[in-house]
Amino acid sequence: MSKKFRIALAGNPNCGKTCIFNALTGARQHVGNYPGVTVESKSGSFTLNDMEIELIDLPGVYSLSSSSPEEAVVFEELTKKGIDLIVNVVDSTILQRSLYLTTQLAELHIPMLLAFNMSDDARKKGLKFDLPKLEKYFGSPIAQTVGNTSRGVQSLKDKMVETLAKLDDHGMPMLSYGADFDDAINAVAEKIDALNIEKYSHIPSRFFAIKLLEKDSSAMKIEAMKPVWEEVDAQILHLKNKHAIEADTFMADRRYAMLSGACHNAISFSQEKRREISDKIDKVITNKFLGFPLFLAIMYATFWFTFICADPLMGYIEDFFGWFGGVVGNVWNPETLPFIRSMVIDGIIAGVGGVIVFLPNILFLFFAIAILEESGYMSRAAFVMDGIMRKFGLQGKSFVPLVLGFGCTVPAIMATRTIESERDRKITIMVLPFMSCGARLPIYALIIPAFFAKQYQAFTMWLIYLIGVLVALIAARIMKSTLFKGDGEVYLMELPPYRMPSFKSLMLHMWDRGRMYLQKAGTIILLTSIILYICNTYPEKKDFSVDYDSKITEVQKAGGDTSVLENAQLSEKLEYTISGRVGKTLEPVFAPIGFDWKITTASIGALAAKEVFVAQMGILYSEGEADEESEGLRAQLVKHYTPLQAFCIMLFCLLSIPCLATLAIIKRELNSWKMAFVEAGALFALAYVATLIVYQLGTVLQIGTKMLL
């Protein structure tokens with residue numbers, strides 16, 4: 001019978017932990033969120049000899065001090081029962097700093113295995129390690145690995161087998177923080193032992209004593225330990241009086257001093273220490289004059305790569321769903337369950353196809369993002385943009401998701417997970433819908449060529465995108481001064497060395513995000529497509545203003561084109577449906593911003609996906625399959641609307657409620673439907689007011705108010 005073990009994978013951000021995780025688990029992974037927080041959870045499984053291993057990839061943290069959601073999650077996970085082994089991945093190129101977390105993990109007295117990752121980079125820097133000395137000091141075996149190439153992973157597995165075979169006989173770390181602090185720790189630990197708390201009986205009381213002396217927020221939240229607070233305060237006061245320093249600061253100093261002593265005789269340098277290539281590259285990449293233009297060029301190249309590679313595949317997927325719908329239509333007798341047949345073909349297949357057609361964009365975008373992240377460039381981009389973004393109340397790491405928002409808001413919101421500050425992350429998520437995503441592009445492509453002279457078309461497109469960026473930055477500044485008010489926080493921006501990403505890691509990253517997009521966004525749009533299909537179909541109109549059937553028959557006999565009559569009948573049908581009636585009812589509300597009932601109806605449909613606006617307008621204006629290149633639809637719009645109204649349509653589309661998939665992702669990332677609905681309401685109000693001002697002002701000043709035809 002196979003044995004089962006749970007192993008926690010811990011380490012600093014950018015230490016290569018994800019590469020080790022991928023190398024051990026392959027594609028057998030599950031990604032989600034920890035309950036109650038937006039910190040990503042990832043677990044995987046693999047078999048090792050006769051053992052079944054569940055590997056839990058903990059969030060990257062620098063310590064267990066609970067100063068961030070990630071650190072609080074790691075504290076909670078590691079103090080639960082059931083962890084058999086900790087694999088601590090450390091960046092061996094900056095070993096002394098990386099081992100700070102190791103000292104805290106060692107205090108848990110959970111068997112631990114150290115993976116000295118990036119050992120190839122360490123060798124290039126001329127670093128040599130006395131592994132037996134370090135193993136003895138931390139009471140843990142050490143394996144040297146190169147995560148992005150999987151080198152050393154087999155050695156890590158071998159040591160894992162050895163360690164799991166003797167869990168009851170693992171080494172004890174040689175950690176001491178000085179007589180004064182050790183005495184204070186022992187005094188608090190004795191009080192904790194007296195409480196006999198069953199929940200934490202597997203963790204040494206010494207660990208909690210240290211955390212309480214540091215006033216760690218997670219430890220202080222443990223109700224059962226409140227009786228020892230008096231002793232904790234007394235010991236903190238004693239240490240402060242004796243050393244004139246706060247206990248948590250003193251503890252950090254002692255840890256670094258202890259590590260300095262441990263590493264002094266265990267780390268040496270070869271005589272020829274080569275200067276890292278990373279430093280030379282950074283002289284250009286992070287240059288104050290070249291950094292920003294290079295960033296823009298790299299982002300442009302990212303989008304160019306995404307759309308160039310995705311375009312052919314999108315065409316194939318679109319053709320496939322068109323073919324598949326035709327096959328189902330041919331096989332399924334129109335007289336058999338006609339409503340279900342129509343809903344499957346026009347609702348479900350078309351709805352799913354409308355989502356999956358964008359999957360190549362998502363996959364290639366995340367493939368490019370993974371290259372930027374794993375190569376080490378994304379940290380440089382955040383560094384370059386930090387100064388600019390802070391003027392608007394954000395930080396450099398907020399800029400990358402904002403740029404990604406030009407592609408699709410859904411993955412851009414997911415990308416905010418790299419922002420440590422919960423406040424900055426929330427602000428970034430809330431302003432991301434203002435970035436003009438690719439789904440709005442068909443609307444712009446329909447309207448701009450129809451209403452604006454060729455020499456002004458590029459400017460109009462640029463203006464729309466610029467308005468979105470400016471509104472996002474202004475909104476961020478306002479929120480930072482009101483709803484999310486607080487002093488600016490300073491973050492350590494670590495610039496890891498450049499590395500060559502492994503193809504396997506890139507593919508796993510792309511697969512994870514693509515699967516998440518389909519599972520979370522696709523289901524919402526599928527449901528919405530079915531609902532909209534019903535709203536666009538019922539109630540059915542039986543009596544028409546014109547006898548369309550007779551007229552169509554006459555035209556058919558004469559060999560003429562019946563599409564205009566058929567689409568006119570469709571338009572009249574739609575006006576009679578739920579969607580049409582809602583549009584007519586809301587028309588007085590939207591009239592002050594220049595919208596008639598048809599634009600209102602199309603705007604409602606665009607809640608499912610912005611592209612729906614174009615299709616709805618096409619049906620309403622009897623132009624058959626409304627596609628953004630339809631010259632006929634553009635001609636009809638020019639007959640019915642002014643350039644001012646056209647601009648207002650684009651402005652409202654830019655600032656209003658995003659698609660339901662975006663609202664679903666906002667709910668998921670903020671863990672609150674309330675925040676999602678507040679976002680929707682605020683965006684609608686802003687879009688309405690802004691469009692009202694532009695339309696009414698333009699009307700008064702007679703700007704763009706004349707029909708072009």
# chains A, B, ... in the order shown; residues from 1 in each chain; ligands from 1
>>> residues_around(residues="Thr428 of chain A", least_positions_apart="2", cutoff="9 Å", atoms="only C-alpha atoms", output="ChimeraX atom specification")
/A:394,398-399,401-402,413,416,423-426,430-432,472,476
>>> closest_atom_pairs(of="segment 229-327 of chain A", to="segment 381-391 of chain A", cutoff="9 Å", atoms="only C-alpha atoms", output="tab-separated table")
residue	atom	partner	partner_atom	distance
A:Ile285	CA	A:Val384	CA	8.5
A:Thr286	CA	A:Val384	CA	6.0
A:Asn287	CA	A:Val384	CA	8.2
A:Lys288	CA	A:Val384	CA	7.6
A:Gly291	CA	A:Val384	CA	6.1
A:Phe292	CA	A:Val384	CA	6.4
A:Phe295	CA	A:Ala381	CA	6.4
>>> residues_around(residues="Ser268 of chain A", least_positions_apart="5", cutoff="12 Å", atoms="only C-alpha atoms", output="JSON, numbers by chain")
{"A": [95, 122, 123, 125, 126, 127, 128, 129, 130, 131, 263, 273]}
>>> closest_residue(among="A:Pro449, A:Gly605, A:Pro539, A:Gly326", to="Leu637 of chain A", atoms="only C-alpha atoms")
A:Pro449
>>> closest_residue(among="A:Ala558, A:Ile657, A:Phe207, A:Asn265", to="Pro433 of chain A", atoms="only C-alpha atoms")
A:Ile657
>>> select_by_dssp(residues="segment 68-131 of chain A", states="strand (DSSP E)", output="PyMOL selection string")
chain A and resi 85-91+112-117+127-129
>>> atom_distance(atom1="atom CA of Leu446 of chain A", atom2="atom CA of Thr460 of chain A")
12.8 Å
